[in-house]
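Visitor: What follows is data.csv; its format and atoms are CSV, C-alpha atoms.
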chain,number,residue,atom,x,y,z
T,1,MET,CA,0.0,0.0,0.0
T,2,GLY,CA,1.7,3.2,-1.2
T,3,ILE,CA,1.1,6.5,0.7
T,4,VAL,CA,0.0,9.7,-1.1
T,5,ASN,CA,-0.6,12.6,1.3
T,6,ILE,CA,-2.6,15.6,-0.1
T,7,THR,CA,-1.2,17.7,2.7
T,8,ASP,CA,1.7,20.1,3.3
T,9,ASP,CA,2.5,18.9,6.8
T,10,SER,CA,2.9,15.1,6.8
T,11,TYR,CA,6.1,14.1,8.6
T,12,PHE,CA,7.8,12.7,5.6
T,13,ALA,CA,8.2,15.5,3.0
T,14,GLU,CA,8.4,13.3,-0.1
T,15,SER,CA,4.9,11.9,0.5
T,16,ARG,CA,3.4,15.4,0.3
T,17,CYS,CA,1.4,16.2,-2.9
T,18,THR,CA,-0.2,19.6,-2.7
T,19,ASP,CA,-1.7,19.6,-6.2
T,20,VAL,CA,-3.3,17.1,-8.6
T,21,SER,CA,-0.3,16.9,-10.9
T,22,ALA,CA,2.1,16.0,-8.1
T,23,ALA,CA,-0.4,13.3,-6.8
T,24,LEU,CA,-0.7,11.8,-10.3
T,25,ASP,CA,3.1,11.7,-10.7
T,26,ARG,CA,3.4,9.9,-7.3
T,27,VAL,CA,0.6,7.4,-8.0
T,28,SER,CA,2.1,6.6,-11.4
T,29,ARG,CA,5.5,6.0,-10.0
T,30,MET,CA,4.1,3.8,-7.1
T,31,LEU,CA,2.1,1.7,-9.5
T,32,GLU,CA,5.2,1.2,-11.7
T,33,GLU,CA,7.1,0.1,-8.7
T,34,GLY,CA,4.5,-2.5,-7.9
T,35,ALA,CA,2.0,-1.0,-5.4
T,36,ASP,CA,-1.2,-3.1,-5.0
T,37,ILE,CA,-3.1,-0.3,-3.2
T,38,ILE,CA,-2.8,3.5,-3.3
T,39,ASP,CA,-3.7,5.1,0.0
T,40,ILE,CA,-4.7,8.8,-0.3
T,41,GLY,CA,-5.2,11.0,2.7
T,42,ALA,CA,-6.0,14.7,2.8
T,43,CYS,CA,-5.4,15.4,6.5
T,44,SER,CA,-2.2,14.6,8.4
T,45,THR,CA,-2.8,12.3,11.4
T,46,ARG,CA,0.6,12.6,12.9
T,47,PRO,CA,0.6,13.4,16.7
T,48,GLY,CA,0.2,17.1,17.1
T,49,SER,CA,-1.2,17.7,13.6
T,50,VAL,CA,-4.1,20.1,13.0
T,51,ALA,CA,-7.4,18.7,12.0
T,52,VAL,CA,-8.9,20.3,8.9
T,53,GLY,CA,-12.5,19.1,9.2
T,54,ALA,CA,-14.6,17.0,6.8
T,55,ASP,CA,-15.4,19.8,4.4
T,56,GLU,CA,-11.8,20.9,3.8
T,57,GLU,CA,-10.7,17.2,3.6
T,58,TRP,CA,-13.2,16.6,0.9
T,59,ARG,CA,-12.3,19.8,-1.0
T,60,ARG,CA,-8.7,18.5,-1.2
T,61,LEU,CA,-9.6,14.9,-2.0
T,62,LYS,CA,-12.3,15.4,-4.7
T,63,PRO,CA,-10.1,16.6,-7.6
T,64,VAL,CA,-7.3,14.1,-6.8
T,65,LEU,CA,-9.7,11.1,-6.6
T,66,LYS,CA,-11.4,12.1,-9.9
T,67,ALA,CA,-8.0,12.6,-11.7
T,68,VAL,CA,-6.5,9.3,-10.3
T,69,LYS,CA,-9.5,7.3,-11.3
T,70,GLU,CA,-9.6,8.8,-14.8
T,71,ALA,CA,-5.8,8.2,-15.3
T,72,PHE,CA,-5.7,4.8,-13.6
T,73,PRO,CA,-9.2,3.3,-13.9
T,74,HIS,CA,-8.3,-0.1,-12.5
T,75,VAL,CA,-6.3,1.2,-9.5
T,76,ARG,CA,-7.3,-0.2,-6.0
T,77,LEU,CA,-7.7,2.9,-3.9
T,78,SER,CA,-7.8,3.4,-0.1
T,79,ILE,CA,-8.9,6.7,1.5
T,80,ASP,CA,-7.4,7.6,4.8
T,81,THR,CA,-10.2,9.3,6.6
T,82,TYR,CA,-12.3,9.2,9.8
T,83,TRP,CA,-15.2,11.1,8.4
T,84,ALA,CA,-18.4,9.2,7.2
T,85,SER,CA,-19.4,12.1,5.0
T,86,VAL,CA,-16.0,11.9,3.1
T,87,VAL,CA,-16.6,8.1,2.6
T,88,ARG,CA,-20.1,8.7,1.2
T,89,ASN,CA,-18.9,11.5,-1.1
T,90,ALA,CA,-16.0,9.4,-2.3
T,91,TYR,CA,-18.2,6.4,-3.0
T,92,ASP,CA,-20.6,8.5,-5.0
T,93,LEU,CA,-17.7,9.9,-7.0
T,94,ILE,CA,-15.5,6.8,-7.7
T,95,GLY,CA,-17.5,3.7,-6.5
T,96,ASP,CA,-15.9,1.0,-4.4
T,97,PHE,CA,-12.7,1.7,-2.4
T,98,ILE,CA,-11.1,0.8,0.9
T,99,VAL,CA,-11.8,3.0,4.0
T,100,ASN,CA,-8.7,3.4,6.1
T,101,ASP,CA,-9.9,4.8,9.5
T,102,ILE,CA,-7.4,5.5,12.2
T,103,SER,CA,-10.2,5.8,14.7
T,104,ALA,CA,-11.9,2.4,14.1
T,105,GLY,CA,-15.2,4.4,14.0
T,106,GLU,CA,-14.7,6.2,17.3
T,107,ASP,CA,-14.3,9.7,15.9
T,108,ASP,CA,-17.5,9.8,13.8
T,109,PRO,CA,-20.5,7.8,15.0
T,110,ASP,CA,-21.8,7.6,11.5
T,111,MET,CA,-18.7,5.9,10.1
T,112,LEU,CA,-19.5,2.2,10.9
T,113,PRO,CA,-23.1,2.4,9.8
T,114,THR,CA,-22.0,4.1,6.6
T,115,VAL,CA,-19.4,1.4,5.9
T,116,GLY,CA,-21.8,-1.4,6.6
T,117,GLU,CA,-24.4,0.2,4.3
T,118,LEU,CA,-22.0,0.7,1.4
T,119,GLY,CA,-20.3,-2.7,1.9
T,120,VAL,CA,-16.8,-1.4,1.4
T,121,THR,CA,-13.6,-2.9,2.8
T,122,TYR,CA,-12.7,-1.3,6.1
T,123,ILE,CA,-9.4,-0.9,7.9
T,124,ALA,CA,-9.8,-0.4,11.7
T,125,MET,CA,-6.8,1.1,13.6
T,126,HIS,CA,-6.1,1.1,17.3
T,127,LYS,CA,-5.3,4.4,18.9
T,128,ARG,CA,-6.3,6.4,21.9
T,129,GLY,CA,-7.9,9.9,21.5
T,130,THR,CA,-7.5,12.1,18.4
T,131,PRO,CA,-4.2,12.9,16.7
T,132,GLN,CA,-4.3,16.2,18.7
T,133,THR,CA,-5.0,14.6,22.1
T,134,MET,CA,-3.5,11.1,22.0
T,135,GLN,CA,-2.2,9.8,25.3
T,136,ARG,CA,0.5,7.2,25.5
T,137,MET,CA,-0.6,3.9,27.0
T,138,THR,CA,1.9,3.9,29.9
T,139,ASP,CA,-0.9,2.6,32.2
T,140,TYR,CA,-1.1,-0.7,30.4
T,141,GLN,CA,1.2,-3.5,31.5
T,142,ASP,CA,0.8,-5.4,28.3
T,143,VAL,CA,0.3,-3.4,25.1
T,144,VAL,CA,-0.4,-6.5,23.0
T,145,ALA,CA,-3.1,-7.7,25.4
T,146,GLU,CA,-4.7,-4.3,25.2
T,147,VAL,CA,-4.7,-4.2,21.4
T,148,LYS,CA,-6.1,-7.8,21.3
T,149,SER,CA,-8.9,-6.9,23.7
T,150,TYR,CA,-9.7,-3.7,21.8
T,151,PHE,CA,-10.1,-5.6,18.5
T,152,ASN,CA,-12.1,-8.5,20.1
T,153,ASP,CA,-14.6,-5.8,21.2
T,154,PHE,CA,-14.4,-4.1,17.8
T,155,SER,CA,-15.2,-7.4,16.0
T,156,ALA,CA,-18.5,-7.6,17.8
T,157,LYS,CA,-19.3,-4.0,17.1
T,158,ALA,CA,-18.4,-4.3,13.4
T,159,ASP,CA,-20.6,-7.4,13.1
T,160,SER,CA,-23.5,-5.4,14.5
T,161,PHE,CA,-23.2,-3.0,11.6
T,162,GLY,CA,-22.8,-5.6,9.0
T,163,ILE,CA,-19.1,-5.2,8.6
T,164,ASN,CA,-18.0,-8.9,8.4
T,165,ASP,CA,-14.6,-8.6,6.7
T,166,TRP,CA,-12.3,-5.9,8.0
T,167,ILE,CA,-8.5,-5.4,8.3
T,168,LEU,CA,-6.7,-5.0,11.6
T,169,ASP,CA,-4.2,-2.2,12.0
T,170,PRO,CA,-2.5,-2.3,15.5
T,171,GLY,CA,-1.7,1.4,15.3
T,172,ILE,CA,2.1,1.3,15.5
T,173,GLY,CA,3.3,4.8,16.3
T,174,PHE,CA,-0.1,6.0,17.6
T,175,ALA,CA,-0.3,6.7,21.4
T,176,LYS,CA,2.3,4.2,22.2
T,177,THR,CA,5.8,4.4,23.8
T,178,ILE,CA,8.8,3.5,21.7
T,179,GLU,CA,9.1,0.3,23.6
T,180,GLN,CA,5.5,-0.6,23.1
T,181,ASN,CA,5.8,-0.1,19.3
T,182,TYR,CA,8.7,-2.6,19.2
T,183,GLU,CA,6.8,-5.0,21.4
T,184,LEU,CA,3.8,-4.9,19.1
T,185,ILE,CA,6.0,-5.7,16.1
T,186,GLY,CA,7.8,-8.5,18.0
T,187,ARG,CA,4.5,-10.1,19.1
T,188,LEU,CA,2.4,-9.3,16.0
T,189,GLU,CA,1.5,-12.9,15.4
T,190,GLU,CA,-0.5,-12.9,18.7
T,191,LEU,CA,-3.1,-10.6,17.0
T,192,LYS,CA,-4.0,-13.5,14.8
T,193,SER,CA,-6.1,-14.8,17.7
T,194,VAL,CA,-8.7,-12.1,17.0
T,195,ARG,CA,-11.6,-13.5,15.1
T,196,LEU,CA,-14.0,-12.1,12.5
T,197,SER,CA,-17.7,-13.2,12.7
T,198,ASN,CA,-16.9,-16.1,10.3
T,199,GLY,CA,-14.3,-17.5,12.6
T,200,ASN,CA,-11.3,-16.4,10.5
T,201,SER,CA,-8.6,-14.0,11.7
T,202,PRO,CA,-8.5,-10.6,10.1
T,203,ARG,CA,-5.8,-9.6,7.8
T,204,ILE,CA,-3.2,-7.4,9.5
T,205,LEU,CA,-1.9,-4.1,8.1
T,206,VAL,CA,1.3,-2.6,9.4
T,207,GLY,CA,2.1,1.1,9.0
T,208,LEU,CA,5.5,1.8,10.4
T,209,SER,CA,7.3,3.4,7.5
T,210,ARG,CA,9.8,6.1,8.6
T,211,LYS,CA,8.0,6.7,11.9
T,212,SER,CA,9.4,8.6,14.8
T,213,PHE,CA,9.8,5.4,17.0
T,214,ILE,CA,12.5,4.5,14.4
T,215,TYR,CA,14.3,7.7,13.7
T,216,ASN,CA,14.1,9.0,17.3
T,217,TYR,CA,15.4,5.7,18.6
T,218,LEU,CA,18.3,5.7,16.2
T,219,ASN,CA,18.9,9.5,16.4
T,220,ILE,CA,18.5,10.0,12.7
T,221,SER,CA,16.0,11.8,10.5
T,222,PRO,CA,12.9,10.4,8.7
T,223,GLU,CA,14.9,10.8,5.4
T,224,GLU,CA,17.6,8.5,6.8
T,225,SER,CA,15.3,5.8,8.1
T,226,LEU,CA,14.6,3.8,5.0
T,227,PRO,CA,17.0,0.9,5.7
T,228,ALA,CA,15.7,0.5,9.3
T,229,THR,CA,12.1,0.6,8.0
T,230,GLN,CA,12.9,-2.4,5.8
T,231,VAL,CA,14.3,-4.3,8.7
T,232,LEU,CA,11.1,-3.9,10.6
T,233,HIS,CA,9.0,-4.6,7.5
T,234,LEU,CA,10.7,-8.0,7.3
T,235,ALA,CA,10.1,-8.6,11.0
T,236,ALA,CA,6.4,-7.8,10.5
T,237,LEU,CA,6.1,-10.1,7.5
T,238,GLN,CA,7.7,-12.9,9.5
T,239,ARG,CA,5.1,-12.4,12.2
T,240,GLY,CA,2.0,-12.4,10.0
T,241,ALA,CA,1.6,-9.0,8.5
T,242,ASP,CA,-0.5,-9.1,5.3
T,243,VAL,CA,-0.3,-5.5,4.1
T,244,LEU,CA,2.5,-3.0,4.4
T,245,ARG,CA,1.6,0.7,4.3
T,246,VAL,CA,4.7,2.4,2.9
T,247,HIS,CA,6.3,5.5,1.6
T,248,ASP,CA,8.8,3.6,-0.5
T,249,VAL,CA,7.0,1.0,-2.7
T,250,ALA,CA,10.0,-0.3,-4.7
T,251,GLU,CA,12.1,-1.0,-1.6
T,252,ALA,CA,9.2,-2.6,0.3
T,253,GLY,CA,8.4,-4.7,-2.8
T,254,ARG,CA,12.0,-6.0,-2.8
T,255,THR,CA,11.7,-6.8,0.9
T,256,VAL,CA,8.4,-8.8,0.2
T,257,LEU,CA,10.1,-10.6,-2.7
T,258,LEU,CA,13.1,-11.6,-0.7
T,259,TYR,CA,10.9,-12.7,2.3
T,260,ALA,CA,8.8,-14.9,-0.1
T,261,ASN,CA,11.9,-16.7,-1.2
T,262,LEU,CA,13.3,-17.5,2.3
Reformat the file's structure so that it appears as structure tokens.
Guide:
Amino acid sequence: MGIVNITDDSYFAESRCTDVSAALDRVSRMLEEGADIIDIGACSTRPGSVAVGADEEWRRLKPVLKAVKEAFPHVRLSIDTYWASVVRNAYDLIGDFIVNDISAGEDDPDMLPTVGELGVTYIAMHKRGTPQTMQRMTDYQDVVAEVKSYFNDFSAKADSFGINDWILDPGIGFAKTIEQNYELIGRLEELKSVRLSNGNSPRILVGLSRKSFIYNYLNISPEESLPATQVLHLAALQRGADVLRVHDVAEAGRTVLLYANL
């Protein structure tokens, strides 16, 4: 899953696309490099970021979605949003897509009913609070147990809204200490114990690309963190990750290819 940010404040500068032309160029390059999904977001969700609201988010998204679908009609799109109105507007514009919701339906009470009604694929992420008010989970003795419990509860909630097949994102880098992020990656396979309503385990998406728990730990910049990101991508794949959300598609693709040949 390749990341396209229609923002000017995402933490990794190269992912920022502030006009349609830049977004098309980035999408084109990522598809050439082997991206299976293009994830487009119009509001930064990094800790401390400023929320722009549903109307402004849609104003930014609409021309990009329209242009991407016209240029690449068969592309599998994901939209990074926690607003139900953005989901509905996007569905009316481009049809089926994946909803990538960092709040797992908590930030907009209309989100889960909307997703269930439209029947779109849904990614639910674990976090605490909004990007502006997130609290680190220092009061939890076992971060993996907390995330498992959260998604066991979410599974029942999703089922009640008719969302029977969803993707689990443990929220690496969101409201967690550096140590908790590494523990989540190291014990990722334990999240396979979560069950969908059909008894299967959900697919697991991991979004760790160039995040602060990497570059702060190593005392480097986001721009210098690509090799370390691939080390952790490999670790996540070995522990059951199904989808990698990445800034660098070509490099992640090589990591997946080498892992598949181990």
Visitor: Here is a test: counting all atoms listed in the file, which residue of T:Phe72, T:Phe151, T:Tyr259, T:Tyr91 is nearest to His233 (chain T)?
Guide: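 Looking only at the distances to His233 (chain T), the closest residue turns out to be T:Tyr259.
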Visitor: What's the separation between CA of Glu179 (chain T) and CA of Ala236 (chain T), in Å to one decimal place?
Guide: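 These two atoms are separated by 15.6 Å.
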Visitor: Extract, using all atoms listed in the file, all DNA, RNA and protein residues at most 7 Å from Ile79 (chain T), discarding same-chain residues fewer than 3 positions from it, and format them as a tab-separated table (two decimals) with C-alpha atoms, in the coordinates of the input.
Guide:
chain	number	residue	atom	x	y	z
T	39	ASP	CA	-3.70	5.10	0.00
T	40	ILE	CA	-4.70	8.80	-0.30
T	41	GLY	CA	-5.20	11.00	2.70
T	98	ILE	CA	-11.10	0.80	0.90
T	99	VAL	CA	-11.80	3.00	4.00
T	100	ASN	CA	-8.70	3.40	6.10
Visitor: Please provide as a count of residues only all residues within 12 Å of Thr121 (chain T), with the sequence filter that same-chain residues fewer than 5 positions apart are discarded (counting all atoms listed in the file).
Guide: 26
Visitor: Considering only C-alpha atoms, can you say which of T:Asp159, T:Glu183, T:Asp80, T:Asp19 comes closest to Ile102 (chain T)?
Guide: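 Under the stated criterion, the closest residue is T:Asp80.
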Visitor: Rounded to one decimal, what separation in Å do you get between CA of Pro113 (chain T) and CA of Ser160 (chain T)?
Guide: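 Computed distance, CA of Pro113 (chain T) to CA of Ser160 (chain T), equals 9.1 Å.
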Visitor: My list of candidates is T:Ala67, T:Ile38, T:Ile3, T:Ala104. Which is closest to Arg210 (chain T) when distances are computed with all atoms listed in the file?
Guide: T:Ile3
Visitor: Could you check how far CA of Arg195 (chain T) sits from CA of Asn152 (chain T), in Å to one decimal?
Guide: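 About the pair CA of Arg195 (chain T) and CA of Asn152 (chain T): they are 7.1 Å apart.
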Visitor: Can you tell me which residues surround region 50-59 of chain T at a distance of at most 7 Å, considering all atoms listed in the file, apart from same-chain residues fewer than 4 positions away, and format the answer as a PyMOL selection string?
Guide: chain T and resi 42-43+83+86+132
Visitor: Applying 10 Å and all atoms listed in the file, which residues near Ile94 (chain T) remain after dropping the ones on its own chain fewer than 3 positions away? List them as a count of residues only.
Guide: 12
Visitor: Nearest to Gly34 (chain T) among T:Gly2, T:Pro109, T:Gly173, T:Gly207, with distances taken over all atoms listed in the file: which residue is it?
Guide: T:Gly2
Visitor: Would you list the residues near (10.0, -11.1, 13.2) (no more than 9 Å away, in the coordinates of the file, using all atoms listed in the file) as a VMD selection string?
Guide: chain T and resid 185 to 189 232 to 240
Visitor: Write the residues you've just listed into a file as a PDB file, in the frame of the given file, and include C-alpha atoms for each of them.
Guide:
ATOM      1  CA  ILE T 185       6.000  -5.700  16.100  1.00  0.00           C
ATOM      2  CA  GLY T 186       7.800  -8.500  18.000  1.00  0.00           C
ATOM      3  CA  ARG T 187       4.500 -10.100  19.100  1.00  0.00           C
ATOM      4  CA  LEU T 188       2.400  -9.300  16.000  1.00  0.00           C
ATOM      5  CA  GLU T 189       1.500 -12.900  15.400  1.00  0.00           C
ATOM      6  CA  LEU T 232      11.100  -3.900  10.600  1.00  0.00           C
ATOM      7  CA  HIS T 233       9.000  -4.600   7.500  1.00  0.00           C
ATOM      8  CA  LEU T 234      10.700  -8.000   7.300  1.00  0.00           C
ATOM      9  CA  ALA T 235      10.100  -8.600  11.000  1.00  0.00           C
ATOM     10  CA  ALA T 236       6.400  -7.800  10.500  1.00  0.00           C
ATOM     11  CA  LEU T 237       6.100 -10.100   7.500  1.00  0.00           C
ATOM     12  CA  GLN T 238       7.700 -12.900   9.500  1.00  0.00           C
ATOM     13  CA  ARG T 239       5.100 -12.400  12.200  1.00  0.00           C
ATOM     14  CA  GLY T 240       2.000 -12.400  10.000  1.00  0.00           C
TER      15      GLY T 240
END
Visitor: Each residue of region 31-70 of chain T lying at most 9 Å from region 246-258 of chain T should get a row with its shortest atom-to-atom pair and the distance in Å to one decimal, counting only C-alpha atoms; could you produce that, ordered by chain and increasing number, as JSON lines?
Guide:
{"residue": "T:Leu31", "atom": "CA", "partner": "T:Val249", "partner_atom": "CA", "distance": 8.4}
{"residue": "T:Glu32", "atom": "CA", "partner": "T:Ala250", "partner_atom": "CA", "distance": 8.6}
{"residue": "T:Glu33", "atom": "CA", "partner": "T:Ala250", "partner_atom": "CA", "distance": 5.0}
{"residue": "T:Gly34", "atom": "CA", "partner": "T:Ala250", "partner_atom": "CA", "distance": 6.7}
{"residue": "T:Ala35", "atom": "CA", "partner": "T:Val249", "partner_atom": "CA", "distance": 6.0}
